[in-house]
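A short worksheet on the structure shown next.
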Amino acid sequence: MAQVEATTERVVAADAEKVFDALADYSGTRQKLLPEHFSEYEVREGGDGEGTVVHWKLQATSKRVRDCLLEVSEPSDGELVEKDRNSSMVTTWRVTPAGEGGSRVVVTTTWQGAGGVGGFFERTFAPKGLGRIYDAVLERLAAEVEK
């Protein structure tokens, strides 16, 4: 088994604190940012950053659906980490200042991939597919915070 990683980023025309607060608002803003690949969204504990437990189903392809139960932590300023209790998947959101009143948002998801031929295809295609899903999240985030 090899680790698989998908990363995407975007510069947003809003200050880093506002962007981070929107991402950390699981009981409000976050659900609005999710495209059609996400379903059954439910905050089970907390709702604002550290200590939040949130559930959703992520449909990466027509056949691949992950049932995610995520624990949220904030290990450092501008960083949210979502660890899935149901798998090895970890998604890290980093928000840093970028120019006058702007922010860079980088989202990275890692997980232990399958071995063999299936693992080869997973390592080859999954990062691109997940990158497109998170590009859509970042596009919605920009639209939300740039209002």
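To be explicit about the labels: the chains of the structure tokens are called A, B, and onward in the order shown, and within each one the residues are counted from 1, while ligands get numbers from 1 in the order they are shown.
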
For the strand (DSSP E) assignment from backbone DSSP, which residues of range 62-113 of chain A qualify? Please present them as a short mmCIF file (atom, residue, chain, number, x, y, z; two decimals) with all heavy atoms, in the first residue's frame.
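Everything below was put into out_33.cif:
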data_model
loop_
_atom_site.label_atom_id
_atom_site.label_comp_id
_atom_site.auth_asym_id
_atom_site.auth_seq_id
_atom_site.Cartn_x
_atom_site.Cartn_y
_atom_site.Cartn_z
N VAL A 65 -18.04 5.56 -3.22
CA VAL A 65 -18.61 6.45 -2.22
C VAL A 65 -17.92 6.17 -0.89
O VAL A 65 -17.86 5.02 -0.45
CB VAL A 65 -20.14 6.23 -2.07
CG1 VAL A 65 -20.70 7.14 -0.98
CG2 VAL A 65 -20.85 6.46 -3.39
N ARG A 66 -17.39 7.22 -0.26
CA ARG A 66 -16.76 7.09 1.05
C ARG A 66 -17.72 7.63 2.10
O ARG A 66 -18.22 8.74 1.98
CB ARG A 66 -15.47 7.90 1.13
CG ARG A 66 -14.29 7.26 0.52
CD ARG A 66 -13.05 8.11 0.84
NE ARG A 66 -11.88 7.61 0.17
CZ ARG A 66 -10.93 6.91 0.78
NH1 ARG A 66 -10.99 6.66 2.06
NH2 ARG A 66 -9.89 6.49 0.12
N ASP A 67 -17.94 6.84 3.15
CA ASP A 67 -18.72 7.29 4.30
C ASP A 67 -17.73 7.87 5.29
O ASP A 67 -16.93 7.15 5.89
CB ASP A 67 -19.46 6.09 4.91
CG ASP A 67 -20.47 6.51 5.95
OD1 ASP A 67 -20.36 7.63 6.49
OD2 ASP A 67 -21.38 5.72 6.24
N CYS A 68 -17.72 9.19 5.43
CA CYS A 68 -16.70 9.89 6.20
C CYS A 68 -17.25 10.40 7.54
O CYS A 68 -18.30 11.03 7.57
CB CYS A 68 -16.16 11.09 5.41
SG CYS A 68 -15.49 10.65 3.79
N LEU A 69 -16.54 10.13 8.59
CA LEU A 69 -16.83 10.68 9.91
C LEU A 69 -15.55 11.35 10.38
O LEU A 69 -14.57 10.70 10.74
CB LEU A 69 -17.26 9.59 10.89
CG LEU A 69 -17.69 10.07 12.27
CD1 LEU A 69 -18.89 11.03 12.16
CD2 LEU A 69 -18.04 8.89 13.16
N LEU A 70 -15.54 12.68 10.32
CA LEU A 70 -14.31 13.44 10.46
C LEU A 70 -14.19 14.14 11.80
O LEU A 70 -15.13 14.79 12.24
CB LEU A 70 -14.23 14.48 9.34
CG LEU A 70 -14.37 13.87 7.94
CD1 LEU A 70 -14.84 14.90 6.97
CD2 LEU A 70 -13.07 13.26 7.50
N GLU A 71 -13.03 14.01 12.42
CA GLU A 71 -12.68 14.76 13.63
C GLU A 71 -11.84 15.93 13.19
O GLU A 71 -10.86 15.76 12.46
CB GLU A 71 -11.85 13.90 14.57
CG GLU A 71 -12.58 12.73 15.17
CD GLU A 71 -11.67 11.92 16.09
OE1 GLU A 71 -10.52 12.36 16.38
OE2 GLU A 71 -12.11 10.85 16.51
N VAL A 72 -12.20 17.13 13.64
CA VAL A 72 -11.50 18.34 13.23
C VAL A 72 -10.57 18.82 14.34
O VAL A 72 -10.96 18.89 15.50
CB VAL A 72 -12.52 19.46 12.89
CG1 VAL A 72 -11.80 20.74 12.48
CG2 VAL A 72 -13.47 19.00 11.80
N SER A 73 -9.35 19.16 13.94
CA SER A 73 -8.40 19.77 14.87
C SER A 73 -7.79 21.01 14.21
O SER A 73 -7.90 21.19 12.99
CB SER A 73 -7.29 18.78 15.26
OG SER A 73 -6.53 18.40 14.12
N GLU A 79 -4.72 26.56 10.15
CA GLU A 79 -4.70 25.16 9.70
C GLU A 79 -5.84 24.37 10.33
O GLU A 79 -6.00 24.37 11.55
CB GLU A 79 -3.35 24.53 10.06
CG GLU A 79 -3.17 23.14 9.51
CD GLU A 79 -1.79 22.58 9.81
OE1 GLU A 79 -1.40 22.55 11.00
OE2 GLU A 79 -1.13 22.17 8.87
N LEU A 80 -6.62 23.72 9.48
CA LEU A 80 -7.68 22.79 9.91
C LEU A 80 -7.31 21.41 9.40
O LEU A 80 -6.96 21.25 8.23
CB LEU A 80 -9.01 23.16 9.25
CG LEU A 80 -9.89 24.23 9.83
CD1 LEU A 80 -11.08 24.46 8.90
CD2 LEU A 80 -10.38 23.85 11.21
N VAL A 81 -7.42 20.41 10.27
CA VAL A 81 -7.13 19.04 9.87
C VAL A 81 -8.38 18.20 10.15
O VAL A 81 -8.91 18.21 11.26
CB VAL A 81 -5.91 18.46 10.62
CG1 VAL A 81 -5.69 16.99 10.25
CG2 VAL A 81 -4.67 19.29 10.32
N GLU A 82 -8.84 17.48 9.12
CA GLU A 82 -10.01 16.61 9.22
C GLU A 82 -9.53 15.16 9.08
O GLU A 82 -9.08 14.75 8.01
CB GLU A 82 -11.00 16.93 8.10
CG GLU A 82 -11.47 18.36 8.10
CD GLU A 82 -12.21 18.78 6.84
OE1 GLU A 82 -12.15 18.06 5.81
OE2 GLU A 82 -12.83 19.86 6.86
N LYS A 83 -9.60 14.40 10.18
CA LYS A 83 -9.18 13.00 10.17
C LYS A 83 -10.42 12.11 10.15
O LYS A 83 -11.28 12.23 11.02
CB LYS A 83 -8.33 12.67 11.39
CG LYS A 83 -6.99 13.34 11.37
CD LYS A 83 -6.13 12.92 12.54
CE LYS A 83 -4.79 13.62 12.44
NZ LYS A 83 -3.90 13.28 13.55
N ASP A 84 -10.48 11.23 9.16
CA ASP A 84 -11.62 10.34 9.01
C ASP A 84 -11.49 9.16 9.97
O ASP A 84 -10.49 8.43 9.93
CB ASP A 84 -11.69 9.85 7.56
CG ASP A 84 -12.93 9.04 7.26
OD1 ASP A 84 -13.84 8.97 8.12
OD2 ASP A 84 -13.01 8.48 6.15
N VAL A 90 -6.95 11.83 5.53
CA VAL A 90 -6.72 13.05 6.30
C VAL A 90 -6.71 14.21 5.31
O VAL A 90 -5.97 14.18 4.32
CB VAL A 90 -5.38 13.01 7.06
CG1 VAL A 90 -5.14 14.33 7.79
CG2 VAL A 90 -5.34 11.84 8.03
N THR A 91 -7.54 15.23 5.58
CA THR A 91 -7.57 16.42 4.74
C THR A 91 -7.09 17.61 5.57
O THR A 91 -7.59 17.83 6.67
CB THR A 91 -8.98 16.68 4.19
OG1 THR A 91 -9.37 15.56 3.40
CG2 THR A 91 -9.02 17.94 3.33
N THR A 92 -6.12 18.34 5.03
CA THR A 92 -5.55 19.50 5.72
C THR A 92 -5.82 20.75 4.89
O THR A 92 -5.53 20.78 3.69
CB THR A 92 -4.04 19.32 5.92
OG1 THR A 92 -3.81 18.11 6.65
CG2 THR A 92 -3.45 20.50 6.68
N TRP A 93 -6.41 21.74 5.54
CA TRP A 93 -6.68 23.05 4.94
C TRP A 93 -5.70 24.03 5.54
O TRP A 93 -5.65 24.17 6.76
CB TRP A 93 -8.10 23.50 5.25
CG TRP A 93 -9.17 22.59 4.76
CD1 TRP A 93 -9.64 21.46 5.37
CD2 TRP A 93 -9.92 22.73 3.55
NE1 TRP A 93 -10.62 20.89 4.60
CE2 TRP A 93 -10.82 21.66 3.48
CE3 TRP A 93 -9.90 23.68 2.52
CZ2 TRP A 93 -11.70 21.49 2.43
CZ3 TRP A 93 -10.78 23.51 1.46
CH2 TRP A 93 -11.67 22.43 1.42
N ARG A 94 -4.95 24.75 4.71
CA ARG A 94 -4.03 25.78 5.19
C ARG A 94 -4.41 27.10 4.54
O ARG A 94 -4.50 27.19 3.32
CB ARG A 94 -2.59 25.43 4.85
CG ARG A 94 -2.05 24.30 5.68
CD ARG A 94 -0.55 24.06 5.43
NE ARG A 94 -0.10 22.92 6.21
CZ ARG A 94 -0.18 21.66 5.80
NH1 ARG A 94 -0.69 21.39 4.62
NH2 ARG A 94 0.26 20.68 6.56
N VAL A 95 -4.61 28.12 5.38
CA VAL A 95 -4.96 29.45 4.90
C VAL A 95 -3.85 30.40 5.35
O VAL A 95 -3.58 30.51 6.54
CB VAL A 95 -6.32 29.91 5.48
CG1 VAL A 95 -6.68 31.30 4.95
CG2 VAL A 95 -7.42 28.90 5.16
N THR A 96 -3.22 31.07 4.38
CA THR A 96 -2.15 32.01 4.68
C THR A 96 -2.41 33.32 3.93
O THR A 96 -3.03 33.31 2.87
CB THR A 96 -0.77 31.44 4.27
OG1 THR A 96 -0.82 31.07 2.89
CG2 THR A 96 -0.40 30.24 5.11
N PRO A 97 -1.92 34.44 4.48
CA PRO A 97 -2.08 35.71 3.77
C PRO A 97 -1.37 35.66 2.41
O PRO A 97 -0.32 35.03 2.27
CB PRO A 97 -1.40 36.73 4.70
CG PRO A 97 -1.42 36.08 6.05
CD PRO A 97 -1.27 34.60 5.79
N SER A 103 -5.76 35.84 0.38
CA SER A 103 -5.36 34.62 1.08
C SER A 103 -5.07 33.52 0.08
O SER A 103 -5.70 33.45 -0.97
CB SER A 103 -6.49 34.10 1.97
OG SER A 103 -7.03 35.09 2.75
N ARG A 104 -4.16 32.66 0.46
CA ARG A 104 -3.91 31.43 -0.31
C ARG A 104 -4.49 30.29 0.51
O ARG A 104 -4.18 30.14 1.69
CB ARG A 104 -2.42 31.22 -0.53
CG ARG A 104 -2.11 29.88 -1.23
CD ARG A 104 -0.64 29.71 -1.52
NE ARG A 104 -0.04 30.84 -2.20
CZ ARG A 104 -0.19 31.14 -3.50
NH1 ARG A 104 -0.93 30.37 -4.26
NH2 ARG A 104 0.39 32.20 -4.02
N VAL A 105 -5.33 29.49 -0.13
CA VAL A 105 -5.93 28.33 0.52
C VAL A 105 -5.38 27.10 -0.18
O VAL A 105 -5.51 26.96 -1.40
CB VAL A 105 -7.47 28.34 0.42
CG1 VAL A 105 -8.05 27.15 1.17
CG2 VAL A 105 -8.04 29.65 0.94
N VAL A 106 -4.74 26.22 0.59
CA VAL A 106 -4.20 24.97 0.06
C VAL A 106 -4.91 23.83 0.78
O VAL A 106 -4.96 23.81 2.01
CB VAL A 106 -2.68 24.86 0.28
CG1 VAL A 106 -2.15 23.54 -0.27
CG2 VAL A 106 -1.96 26.04 -0.35
N VAL A 107 -5.48 22.91 0.01
CA VAL A 107 -6.13 21.74 0.60
C VAL A 107 -5.40 20.50 0.09
O VAL A 107 -5.18 20.34 -1.10
CB VAL A 107 -7.66 21.70 0.30
CG1 VAL A 107 -7.95 21.72 -1.17
CG2 VAL A 107 -8.31 20.48 0.95
N THR A 108 -5.00 19.65 1.05
CA THR A 108 -4.28 18.42 0.73
C THR A 108 -4.97 17.26 1.42
O THR A 108 -5.23 17.31 2.62
CB THR A 108 -2.82 18.51 1.23
OG1 THR A 108 -2.19 19.64 0.64
CG2 THR A 108 -2.04 17.25 0.88
N THR A 109 -5.27 16.23 0.64
CA THR A 109 -5.87 15.01 1.19
C THR A 109 -4.92 13.86 0.93
O THR A 109 -4.41 13.70 -0.18
CB THR A 109 -7.24 14.72 0.54
OG1 THR A 109 -8.11 15.82 0.80
CG2 THR A 109 -7.86 13.44 1.11
N THR A 110 -4.66 13.06 1.98
CA THR A 110 -3.81 11.88 1.86
C THR A 110 -4.56 10.68 2.41
O THR A 110 -5.43 10.81 3.26
CB THR A 110 -2.49 12.04 2.64
OG1 THR A 110 -2.79 12.24 4.02
CG2 THR A 110 -1.66 13.19 2.11
N TRP A 111 -4.22 9.51 1.89
CA TRP A 111 -4.77 8.26 2.42
C TRP A 111 -3.87 7.11 1.95
O TRP A 111 -3.09 7.26 1.04
CB TRP A 111 -6.21 8.04 1.99
CG TRP A 111 -6.43 7.79 0.52
CD1 TRP A 111 -6.53 6.58 -0.11
CD2 TRP A 111 -6.56 8.78 -0.51
NE1 TRP A 111 -6.71 6.76 -1.46
CE2 TRP A 111 -6.75 8.09 -1.73
CE3 TRP A 111 -6.56 10.16 -0.53
CZ2 TRP A 111 -6.90 8.75 -2.95
CZ3 TRP A 111 -6.72 10.83 -1.74
CH2 TRP A 111 -6.90 10.12 -2.93
N GLN A 112 -4.01 5.98 2.63
CA GLN A 112 -3.28 4.78 2.24
C GLN A 112 -4.04 4.11 1.11
O GLN A 112 -5.18 3.68 1.29
CB GLN A 112 -3.13 3.81 3.42
CG GLN A 112 -2.18 4.31 4.49
CD GLN A 112 -0.78 4.56 3.94
OE1 GLN A 112 -0.22 3.74 3.23
NE2 GLN A 112 -0.23 5.72 4.26
#

Write out as a count of residues only the residues lying within 12 Å of range 48-64 of chain A, counting only C-alpha atoms and excluding same-chain residues fewer than 5 positions away. 53

From the DSSP assignment of the backbone, select every residue of chain A that is alpha helix (DSSP H), and format the answer as a ChimeraX atom specification. /A:16-24,29-33,116-145

In Å to one decimal, how far is CA of Ala98 in chain A from CA of Val11 in chain A?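 Interatomic distance here is 7.2 Å.
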
Shortest interatomic distance to Glu100 in chain A - which of A:Val12, A:Leu141, A:Ala114, A:Val4, counting only C-alpha atoms: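 That would be A:Val12, the residue with the smallest distance to Glu100 in chain A.
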
What is the distance, in Å and to one decimal place, between CA of Val137 in chain A and CA of Lys32 in chain A?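 Separation between CA of Val137 in chain A and CA of Lys32 in chain A: 9.1 Å.
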
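CA of Ala142 in chain A lies 11.5 Å from CA of Glu9 in chain A.
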